[in-house]
$ cat start09.tsv   # TSV, C-alpha atoms
chain	number	residue	atom	x	y	z
A	1	MET	CA	141.36	99.10	65.67
A	2	ILE	CA	138.63	98.17	63.26
A	3	VAL	CA	136.44	101.09	62.34
A	4	GLY	CA	138.07	104.35	63.09
A	5	SER	CA	140.19	106.12	65.55
A	6	ARG	CA	137.69	106.66	68.30
A	7	GLN	CA	139.48	106.79	71.58
A	8	GLY	CA	138.22	104.93	74.57
A	9	THR	CA	139.17	102.73	77.45
A	10	ALA	CA	139.39	99.26	76.04
A	11	SER	CA	139.05	96.68	78.74
A	12	GLY	CA	140.58	93.92	76.69
A	13	ALA	CA	137.68	91.54	77.26
A	14	ALA	CA	138.24	88.02	76.04
A	15	GLY	CA	134.71	87.31	74.86
A	16	PRO	CA	132.09	89.34	73.08
A	17	PRO	CA	130.86	92.22	75.22
A	18	SER	CA	127.70	91.52	77.09
A	19	LEU	CA	125.25	94.18	75.89
A	20	SER	CA	122.87	93.20	73.13
A	21	ARG	CA	122.64	95.34	70.03
A	22	ARG	CA	119.06	96.17	70.82
A	23	VAL	CA	120.09	97.55	74.18
A	24	VAL	CA	122.74	99.68	72.55
A	25	LEU	CA	120.34	101.04	69.95
A	26	VAL	CA	117.56	101.70	72.42
A	27	GLY	CA	120.08	103.45	74.57
A	28	ALA	CA	121.21	103.55	78.13
A	29	ALA	CA	117.68	103.98	79.43
A	30	ALA	CA	117.09	100.32	78.62
A	31	ALA	CA	120.28	99.19	80.28
A	32	PRO	CA	120.08	97.90	83.83
A	33	ALA	CA	122.51	100.52	85.05
A	34	ALA	CA	120.28	103.36	83.97
A	35	SER	CA	117.71	103.35	86.69
A	36	ALA	CA	116.75	107.02	86.48
A	37	ALA	CA	113.95	108.16	84.22
A	38	ASP	CA	115.03	109.16	80.74
A	39	PRO	CA	115.31	112.97	80.69
A	40	LEU	CA	115.07	112.89	76.92
A	41	SER	CA	111.50	111.62	77.10
A	42	VAL	CA	108.92	114.18	76.16
A	43	ALA	CA	106.19	116.13	77.90
A	44	SER	CA	106.13	115.90	81.62
A	45	PRO	CA	105.15	118.37	84.32
A	46	ALA	CA	108.88	118.82	84.92
A	47	ALA	CA	109.18	120.53	81.53
A	48	ALA	CA	109.16	123.88	83.29
A	49	ASP	CA	111.96	122.78	85.60
A	50	PRO	CA	114.88	125.15	84.88
A	51	THR	CA	117.37	122.45	85.87
A	52	LYS	CA	116.10	120.12	83.15
A	53	PRO	CA	118.28	121.37	80.24
A	54	TYR	CA	121.40	120.93	82.37
A	55	LYS	CA	120.32	117.49	83.52
A	56	THR	CA	119.56	116.51	79.94
A	57	LEU	CA	123.05	117.51	78.88
A	58	LEU	CA	124.55	115.47	81.70
A	59	TYR	CA	122.38	112.54	80.68
A	60	ILE	CA	123.48	112.76	77.05
A	61	ASP	CA	127.08	113.14	78.13
A	62	ALA	CA	126.91	110.05	80.33
A	63	LYS	CA	125.28	108.14	77.50
A	64	ILE	CA	128.07	109.13	75.11
A	65	SER	CA	130.63	108.02	77.65
A	66	ARG	CA	128.96	104.63	78.04
A	67	LEU	CA	128.76	104.17	74.28
A	68	ARG	CA	132.41	105.10	73.91
A	69	ARG	CA	133.40	102.50	76.46
A	70	ARG	CA	131.22	99.93	74.71
A	71	TRP	CA	132.71	100.93	71.35
A	72	ALA	CA	136.25	100.54	72.65
A	73	ARG	CA	135.56	97.09	74.11
A	74	LEU	CA	133.89	95.91	70.94
A	75	ASP	CA	136.63	97.33	68.76
A	76	ASN	CA	139.21	95.55	70.85
A	77	TYR	CA	137.30	92.29	70.61
A	78	LEU	CA	136.88	92.58	66.83
A	79	SER	CA	140.54	93.38	66.37
A	80	ASP	CA	141.38	90.11	68.08
A	81	GLN	CA	138.85	88.21	65.96
A	82	LEU	CA	140.17	89.72	62.78
A	83	GLN	CA	143.53	88.08	63.36
A	84	SER	CA	141.93	84.63	63.15
A	85	LEU	CA	139.96	85.27	59.94
A	86	PRO	CA	141.18	83.62	56.72
A	87	LEU	CA	142.63	86.01	54.17
A	88	GLY	CA	140.03	87.67	51.97
A	89	SER	CA	137.21	87.27	54.47
A	90	GLU	CA	134.74	90.09	54.71
A	91	LEU	CA	134.80	92.20	57.82
A	92	GLN	CA	131.00	91.99	57.84
A	93	THR	CA	131.19	88.28	58.68
A	94	LEU	CA	132.41	89.18	62.14
A	95	ARG	CA	129.78	89.19	64.84
A	96	GLY	CA	129.66	92.70	66.22
A	97	ALA	CA	131.00	94.60	63.21
A	98	GLU	CA	127.59	96.03	62.41
A	99	GLU	CA	127.01	96.94	66.01
A	100	LEU	CA	130.27	98.83	66.00
A	101	ARG	CA	129.06	100.93	63.11
A	102	ASP	CA	125.72	101.47	64.83
A	103	ILE	CA	127.43	102.67	67.98
A	104	ASP	CA	129.56	104.98	65.90
A	105	GLY	CA	126.43	106.51	64.42
A	106	MET	CA	124.78	106.81	67.82
A	107	ILE	CA	127.79	108.60	69.24
A	108	GLU	CA	127.85	111.04	66.35
A	109	LEU	CA	124.17	111.73	66.69
A	110	LEU	CA	124.33	112.25	70.44
A	111	SER	CA	127.44	114.42	70.14
A	112	GLU	CA	125.60	116.71	67.74
A	113	LYS	CA	122.63	116.84	70.07
A	114	ARG	CA	124.92	117.59	72.99
A	115	ALA	CA	126.68	120.41	71.14
A	116	ALA	CA	123.37	121.98	70.11
A	117	LEU	CA	122.01	121.77	73.64
A	118	LEU	CA	125.18	123.22	75.14
A	119	GLU	CA	124.76	126.35	73.04
A	120	THR	CA	121.30	126.94	74.47
A	121	LEU	CA	122.18	126.46	78.15
A	122	PRO	CA	121.92	129.70	80.12
A	123	ALA	CA	125.24	130.72	81.66
A	124	LYS	CA	123.69	133.26	84.04
A	125	GLY	CA	120.43	134.36	85.61
A	126	ALA	CA	119.65	131.27	87.64
A	127	ALA	CA	116.19	131.42	89.14
A	128	SER	CA	117.15	129.17	92.02
A	129	LEU	CA	120.09	127.62	93.77
A	130	GLU	CA	119.06	124.27	92.34
A	131	GLU	CA	119.51	125.64	88.83
A	132	LEU	CA	122.90	127.06	89.76
A	133	ILE	CA	123.99	123.70	91.17
A	134	ALA	CA	122.88	121.97	87.96
A	135	ARG	CA	124.84	124.52	85.94
A	136	LEU	CA	127.98	123.89	87.95
A	137	ALA	CA	127.55	120.16	87.41
A	138	VAL	CA	127.68	120.84	83.67
A	139	ALA	CA	130.74	123.09	84.02
A	140	GLU	CA	132.39	120.33	86.04
A	141	ARG	CA	131.70	117.84	83.26
A	142	LEU	CA	133.00	120.20	80.58
A	143	ILE	CA	136.43	120.44	82.19
A	144	SER	CA	138.36	117.23	82.28
A	145	THR	CA	140.64	116.58	85.22
A	146	ASP	CA	143.46	116.03	82.75
A	147	ASP	CA	142.95	119.51	81.33
A	148	HIS	CA	142.66	121.41	84.56
A	149	LEU	CA	142.68	119.45	87.78
A	150	GLU	CA	142.54	122.46	90.12
A	151	ALA	CA	139.64	124.16	88.34
A	152	HIS	CA	137.75	120.88	88.13
A	153	THR	CA	138.23	120.18	91.83
A	154	LEU	CA	137.23	123.69	92.86
A	155	ILE	CA	134.06	123.57	90.75
A	156	ALA	CA	133.14	120.12	92.06
A	157	GLY	CA	133.66	121.34	95.62
A	158	ALA	CA	131.56	124.45	94.98
A	159	ARG	CA	128.73	122.32	93.64
A	160	GLN	CA	128.91	119.93	96.59
A	161	ASP	CA	129.08	122.76	99.12
A	162	LEU	CA	126.09	124.52	97.59
A	163	THR	CA	124.14	121.28	97.69
A	164	TRP	CA	125.02	120.91	101.37
A	165	LEU	CA	124.13	124.52	102.15
A	166	LEU	CA	120.80	124.16	100.38
A	167	LYS	CA	120.01	120.90	102.15
A	168	HIS	CA	120.82	122.33	105.55
A	169	GLY	CA	119.15	125.67	104.97
A	170	ARG	CA	122.40	127.59	105.41
A	171	LEU	CA	121.39	130.35	103.03
A	172	PRO	CA	121.27	134.12	103.33
A	173	GLY	CA	118.06	134.95	105.15
A	174	GLY	CA	117.41	131.24	105.62
B	175	MET	CA	168.72	137.31	84.04
B	176	GLY	CA	168.73	138.36	80.41
B	177	SER	CA	166.73	136.30	78.01
B	178	ARG	CA	165.25	133.91	80.57
B	179	GLN	CA	162.27	132.23	79.01
B	180	GLN	CA	160.86	129.93	81.65
B	181	THR	CA	158.73	131.06	84.51
B	182	GLU	CA	159.81	129.92	87.89
B	183	GLY	CA	157.64	128.48	90.58
B	184	GLU	CA	155.19	126.93	88.17
B	185	GLY	CA	154.11	123.42	89.00
B	186	ALA	CA	154.32	120.37	86.80
B	187	HIS	CA	150.71	120.67	85.77
B	188	LEU	CA	151.33	123.94	84.01
B	189	PRO	CA	153.22	124.08	80.75
B	190	ALA	CA	156.49	125.96	80.78
B	191	LEU	CA	155.53	129.33	79.39
B	192	SER	CA	157.73	132.15	78.35
B	193	ARG	CA	157.11	135.59	79.78
B	194	ARG	CA	155.96	136.63	76.34
B	195	ALA	CA	153.47	133.77	76.07
B	196	MET	CA	152.17	134.68	79.50
B	197	LEU	CA	151.82	138.26	78.41
B	198	VAL	CA	149.68	137.33	75.44
B	199	GLY	CA	147.48	135.13	77.62
B	200	THR	CA	147.27	137.74	80.31
B	201	SER	CA	146.30	140.46	77.89
B	202	ALA	CA	143.45	138.31	76.65
B	203	ALA	CA	142.35	137.49	80.16
B	204	ALA	CA	142.49	141.10	81.20
B	205	ALA	CA	140.46	142.16	78.21
B	206	ALA	CA	137.95	139.43	78.88
B	207	SER	CA	137.46	140.15	82.54
B	208	GLY	CA	137.88	143.88	82.49
B	209	ALA	CA	139.91	143.50	85.65
B	210	ASN	CA	141.68	146.52	87.00
B	211	ALA	CA	145.24	146.40	88.12
B	212	THR	CA	145.68	146.21	91.85
B	213	ALA	CA	148.16	147.82	94.16
B	214	PRO	CA	151.35	145.93	95.02
B	215	LEU	CA	150.85	143.24	97.60
B	216	SER	CA	154.13	143.28	99.42
B	217	ALA	CA	152.85	145.17	102.46
B	218	ARG	CA	149.65	143.21	102.87
B	219	PRO	CA	149.27	141.13	106.01
B	220	HIS	CA	148.60	137.43	105.47
B	221	THR	CA	145.90	136.72	108.00
B	222	PHE	CA	143.13	134.48	106.79
B	223	SER	CA	140.59	133.96	109.53
B	224	ASP	CA	137.81	134.09	106.94
B	225	PRO	CA	138.20	131.22	104.42
B	226	ALA	CA	136.99	133.49	101.63
B	227	THR	CA	140.04	135.68	102.27
B	228	LEU	CA	142.30	132.92	100.97
B	229	TYR	CA	140.51	132.88	97.64
B	230	LYS	CA	140.46	136.66	97.51
B	231	HIS	CA	144.16	136.81	98.24
B	232	TRP	CA	144.86	134.34	95.43
B	233	VAL	CA	142.83	136.50	93.04
B	234	SER	CA	144.76	139.58	94.20
B	235	LEU	CA	148.04	137.80	93.54
B	236	ASP	CA	146.86	136.77	90.10
B	237	ARG	CA	145.82	140.31	89.24
B	238	GLU	CA	149.10	141.69	90.50
B	239	ILE	CA	150.99	139.17	88.38
B	240	GLU	CA	148.90	140.17	85.41
B	241	ARG	CA	149.73	143.82	86.00
B	242	LEU	CA	153.45	143.17	86.45
B	243	LEU	CA	153.60	140.94	83.38
B	244	LEU	CA	152.23	143.73	81.25
B	245	GLN	CA	154.72	146.12	82.83
B	246	TRP	CA	157.50	143.58	82.23
B	247	GLY	CA	156.58	143.30	78.55
B	248	ASN	CA	156.61	147.06	78.07
B	249	PHE	CA	159.89	147.34	79.94
B	250	GLU	CA	161.53	144.59	77.93
B	251	GLY	CA	160.35	146.16	74.67
B	252	ARG	CA	161.79	149.52	75.65
B	253	LEU	CA	165.13	148.01	76.69
B	254	MET	CA	165.37	146.09	73.43
B	255	GLN	CA	164.48	149.11	71.34
B	256	GLU	CA	166.61	151.67	73.13
B	257	HIS	CA	169.54	149.57	74.32
B	258	ASN	CA	169.48	146.41	72.22
B	259	TRP	CA	169.18	144.67	75.59
B	260	TYR	CA	169.79	141.08	74.63
B	261	GLN	CA	172.99	141.96	72.78
B	262	LEU	CA	174.50	143.63	75.85
B	263	SER	CA	176.98	141.92	78.12
B	264	GLU	CA	176.15	141.42	81.80
B	265	ALA	CA	178.51	144.26	82.68
B	266	GLU	CA	176.85	146.61	80.19
B	267	ARG	CA	173.43	145.70	81.50
B	268	ALA	CA	174.57	146.29	85.05
B	269	GLY	CA	175.72	149.73	84.01
B	270	LEU	CA	172.25	150.75	82.94
B	271	PRO	CA	170.07	152.17	85.74
B	272	GLU	CA	167.03	150.74	83.98
B	273	GLY	CA	168.67	147.31	84.05
B	274	GLN	CA	168.40	147.19	87.83
B	275	ASP	CA	164.73	148.15	87.67
B	276	PHE	CA	164.16	145.36	85.16
B	277	ARG	CA	165.91	142.85	87.40
B	278	ASP	CA	163.84	144.01	90.38
B	279	LEU	CA	160.66	143.61	88.38
B	280	ASP	CA	161.72	140.14	87.27
B	281	ALA	CA	162.44	139.15	90.87
B	282	SER	CA	159.07	140.48	92.03
B	283	LEU	CA	157.34	138.47	89.37
B	284	ASN	CA	159.16	135.29	90.31
B	285	ARG	CA	158.29	135.77	93.97
B	286	LEU	CA	154.61	136.36	93.21
B	287	LEU	CA	154.44	133.44	90.79
B	288	ALA	CA	155.85	131.15	93.47
B	289	GLU	CA	153.45	132.54	96.07
B	290	ARG	CA	150.48	132.12	93.76
B	291	GLU	CA	151.45	128.57	92.94
B	292	GLY	CA	151.99	127.66	96.57
B	293	LEU	CA	148.71	129.19	97.64
B	294	LEU	CA	146.76	127.42	94.92
B	295	GLY	CA	147.65	124.08	96.45
B	296	LYS	CA	146.43	125.25	99.84
B	297	LEU	CA	143.04	126.59	98.79
B	298	PRO	CA	140.23	124.57	100.36
B	299	THR	CA	138.22	122.73	97.72
B	300	ARG	CA	135.40	121.74	100.10
B	301	GLY	CA	133.79	122.75	103.34
B	302	ALA	CA	132.47	126.25	102.59
B	303	THR	CA	129.84	127.23	105.12
B	304	THR	CA	128.61	130.36	103.38
B	305	ILE	CA	127.52	131.34	99.90
B	306	GLU	CA	130.10	134.12	99.99
B	307	THR	CA	132.91	131.59	100.36
B	308	VAL	CA	131.63	129.53	97.44
B	309	ALA	CA	131.43	132.69	95.33
B	310	ALA	CA	135.01	133.58	96.27
B	311	ARG	CA	136.13	130.09	95.28
B	312	LEU	CA	134.46	130.45	91.90
B	313	ALA	CA	136.31	133.75	91.40
B	314	VAL	CA	139.52	131.71	91.54
B	315	VAL	CA	138.19	129.23	88.98
B	316	GLU	CA	137.19	132.12	86.75
B	317	ARG	CA	140.81	133.23	86.60
B	318	LEU	CA	142.27	129.73	86.36
B	319	LEU	CA	140.30	128.90	83.25
B	320	TYR	CA	141.22	130.46	79.94
B	321	ARG	CA	138.06	131.61	78.24
B	322	ASP	CA	139.40	130.58	74.84
B	323	ASP	CA	140.10	127.04	76.04
B	324	HIS	CA	136.81	126.48	77.83
B	325	PRO	CA	134.33	129.11	76.59
B	326	GLU	CA	131.16	127.43	77.85
B	327	ALA	CA	132.55	126.36	81.20
B	328	HIS	CA	134.13	129.77	81.75
B	329	ALA	CA	130.86	131.55	81.00
B	330	MET	CA	129.01	129.22	83.38
B	331	VAL	CA	131.48	129.82	86.18
B	332	VAL	CA	131.33	133.59	85.70
B	333	GLY	CA	127.54	133.51	85.54
B	334	SER	CA	127.31	131.31	88.63
B	335	ARG	CA	129.61	133.56	90.64
B	336	ARG	CA	127.53	136.59	89.71
B	337	ASP	CA	124.29	134.76	90.50
B	338	LEU	CA	125.68	133.83	93.92
B	339	ALA	CA	126.68	137.44	94.50
B	340	ALA	CA	123.12	138.48	93.65
B	341	ILE	CA	121.77	135.93	96.12
B	342	VAL	CA	124.08	137.23	98.83
B	343	ALA	CA	123.03	140.79	98.05
B	344	GLY	CA	119.40	139.71	98.32
B	345	ARG	CA	118.62	140.59	94.74
B	346	THR	CA	117.35	137.06	93.98
B	347	ALA	CA	115.79	134.33	96.06
B	348	PRO	CA	118.32	131.70	97.20
B	349	ALA	CA	116.09	128.65	96.95
B	350	GLY	CA	113.27	127.11	95.04
B	351	PRO	CA	112.05	128.09	91.57

$ encode --input "start09.tsv" --output "C-alpha cells"
Amino acid sequence: MIVGSRQGTASGAAGPPSLSRRVVLVGAAAAPAASAADPLSVASPAAADPTKPYKTLLYIDAKISRLRRRWARLDNYLSDQLQSLPLGSELQTLRGAEELRDIDGMIELLSEKRAALLETLPAKGAASLEELIARLAVAERLISTDDHLEAHTLIAGARQDLTWLLKHGRLPGG
Amino acid sequence: MGSRQQTEGEGAHLPALSRRAMLVGTSAAAAASGANATAPLSARPHTFSDPATLYKHWVSLDREIERLLLQWGNFEGRLMQEHNWYQLSEAERAGLPEGQDFRDLDASLNRLLAEREGLLGKLPTRGATTIETVAARLAVVERLLYRDDHPEAHAMVVGSRRDLAAIVAGRTAPAGP
C-alpha cells in the first residue's frame, strides 16, 4: 500500500484505472455512472423538500464509497509499479501518485461534510411518509450488514414496504 | 450450572456474551428505552394470524429476557455474598433452597434466549401490508440495535417508529409534504 492504510476493495487491475484525475476531482457527478442531478448543487425549488438532507447524505456517502474503491484500485496499481522502480526513485515519478493524494483529500473532506450533515438530520417528526422513507434509507446505510445483518435487513424491508404502501395508496384513511 | 459464562441458543452472528456482560448491556438498554418489565410469557398462546403479532411477540420475549437477566444478576450477587456460591460444591449448592430457584431461573433464561433467537430468523423482513406491521417491525430493530453502537441509526429507527404510530393514530398526515 502506497499512501496510507485506507481500506477498500482492490480489484487488482493490471493497468492504470480508467477515470481521469479531472473526473475524480470534479466528483461523481461528472462520471458517467452518476446520472442523477447533483444534490449538492445549490438553490433549487426543491430546497424546501424535507427529504433533501437525507438524500444529500446518501449522495455524499455513495460518493465516498466510489472514491474509496477508486483509491484502493489506484493504490494497488501503484504498489505494483513501485516494485519495478529503480532504487532511490521518487514516488512522485509514478503516474497516479498525485491523484492518490488528491483522492485521499477528497475522502477526508467529504467524510467531514457527511459527519456534519448527519448531526443535523432530524431523527423524528417526519412531515410525510416520503421523509420517513428517506430517513430509513439513511439508517439502512448507517448499519453495515457485517455489523448487524438482521437489523439491516429489517430496516431495508421496512423502507421498501413503506415505499410500496405509499405507491399503492395503502395508507390509513387512504 | 455454577459459573457458566456463555449464553446458550445464541447464533453465530452474536458474540458469546457472559450473563454479566448481557446484564450490563441490558441495563443500558432498559435505561435508554424506559421499557417496563413484562409478565412471564410461559402461558401465552403462540397464535400469529396478524403478522405484527410476530414482531410484538419477539419484543415481549426480549423484554422478558431483559427482566430475567436483571433478576439473575441480583440473585447471583446475593448467592455469592451470602453463600460464597462459586466456592460451593454441587452437593452443597443442591442443599440450598435458593440454589434450585437459581437453576430454575437459569433454565428459563436459556429457554427464552433460544426462543428469541429462533423467532428472529422467522420474522418476515418484507411484505407488510399495513403501516402498523412496519411499525411493529421497527420496534424489533429498535431493540436489536445498541444505542451506544449506532446512536444515529438507533435514534432514526425510534423516531420513525413513533412517526408511523402517529400516522396510524391519525395525528399526522400519511402522505405528501

$ residues_around --input "start09.tsv" --residues "Arg311 in chain B" --least-positions-apart "2" --cutoff "9 Å" --atoms "all atoms listed in the file" --output "JSON, numbers by chain"
{"A": [154, 155, 158], "B": [226, 228, 229, 230, 297, 298, 299, 306, 307, 308, 309, 313, 314, 315, 316, 335]}

$ residues_near_point --input "start09.tsv" --point "(123.4, 120.1, 91.7)" --cutoff "6 Å" --atoms "all atoms listed in the file" --output "PyMOL selection string"
chain A and resi 133-134+137

$ interface_residues --input "start09.tsv" --of "chain B" --to "chain A" --cutoff "8 Å" --atoms "all atoms listed in the file" --output "VMD selection string"
chain B and resid 299 to 305 308 311 to 312 315 318 to 319 324 326 to 334 336 to 337 341 to 342 344 346 to 351

$ atom_distance --input "start09.tsv" --atom1 "CA of Ser234 in chain B" --atom2 "CA of Arg285 in chain B"
14.1 Å

$ closest_residue --input "start09.tsv" --among "B:Glu272, B:Trp232, B:Ala310, B:Arg252" --to "Gly295 in chain B" --atoms "only C-alpha atoms"
B:Trp232

$ atom_distance --input "start09.tsv" --atom1 "CA of Glu250 in chain B" --atom2 "CA of Leu235 in chain B"
21.7 Å

$ atom_distance --input "start09.tsv" --atom1 "CA of Gly269 in chain B" --atom2 "CA of His257 in chain B"
11.5 Å

$ closest_residue --input "start09.tsv" --among "A:Ile60, A:Lys52, A:Glu99, A:His168" --to "Glu112 in chain A" --atoms "all atoms listed in the file"
A:Ile60

$ axis_aligned_box --input "start09.tsv" --around "range 70-82 of chain A" --padding-each-side "4 Å" --output "lines of an AutoDock Vina configuration file"
center_x = 136.3
center_y = 94.6
center_z = 68.7
size_x = 18.2
size_y = 20.7
size_z = 19.9

$ residues_around --input "start09.tsv" --residues "Ile64 in chain A" --least-positions-apart "6" --cutoff "8 Å" --atoms "all atoms listed in the file" --output "ChimeraX atom specification"
/A:107,110-111

$ build_atoms --input "start09.tsv" --residues "range 122-138 of chain A" --atoms "N, CA and C atoms" --output "CSV table (one decimal), in the coordinates of the input"
chain,number,residue,atom,x,y,z
A,122,PRO,N,121.6,128.4,79.6
A,122,PRO,CA,121.9,129.7,80.1
A,122,PRO,C,123.2,129.7,81.0
A,123,ALA,N,124.0,130.7,80.8
A,123,ALA,CA,125.2,130.7,81.7
A,123,ALA,C,125.0,131.6,82.9
A,124,LYS,N,123.9,132.4,82.9
A,124,LYS,CA,123.7,133.3,84.0
A,124,LYS,C,122.2,133.4,84.2
A,125,GLY,N,121.8,134.1,85.3
A,125,GLY,CA,120.4,134.4,85.6
A,125,GLY,C,119.7,133.2,86.2
A,126,ALA,N,120.3,132.4,87.0
A,126,ALA,CA,119.6,131.3,87.6
A,126,ALA,C,118.5,131.7,88.5
A,127,ALA,N,117.4,131.0,88.4
A,127,ALA,CA,116.2,131.4,89.1
A,127,ALA,C,116.2,130.8,90.5
A,128,SER,N,117.1,129.8,90.7
A,128,SER,CA,117.2,129.2,92.0
A,128,SER,C,118.5,128.6,92.2
A,129,LEU,N,118.8,128.2,93.5
A,129,LEU,CA,120.1,127.6,93.8
A,129,LEU,C,120.2,126.2,93.1
A,130,GLU,N,119.1,125.6,93.0
A,130,GLU,CA,119.1,124.3,92.3
A,130,GLU,C,119.6,124.4,90.9
A,131,GLU,N,119.1,125.4,90.2
A,131,GLU,CA,119.5,125.6,88.8
A,131,GLU,C,121.0,125.9,88.8
A,132,LEU,N,121.5,126.7,89.7
A,132,LEU,CA,122.9,127.1,89.8
A,132,LEU,C,123.8,125.8,90.0
A,133,ILE,N,123.3,124.9,90.9
A,133,ILE,CA,124.0,123.7,91.2
A,133,ILE,C,124.0,122.8,89.9
A,134,ALA,N,122.9,122.8,89.2
A,134,ALA,CA,122.9,122.0,88.0
A,134,ALA,C,123.8,122.5,86.9
A,135,ARG,N,123.9,123.9,86.9
A,135,ARG,CA,124.8,124.5,85.9
A,135,ARG,C,126.3,124.2,86.3
A,136,LEU,N,126.6,124.2,87.6
A,136,LEU,CA,128.0,123.9,88.0
A,136,LEU,C,128.3,122.4,87.7
A,137,ALA,N,127.3,121.6,87.7
A,137,ALA,CA,127.6,120.2,87.4
A,137,ALA,C,127.9,120.0,85.9
A,138,VAL,N,127.3,120.9,85.1
A,138,VAL,CA,127.7,120.8,83.7
A,138,VAL,C,129.1,121.4,83.5
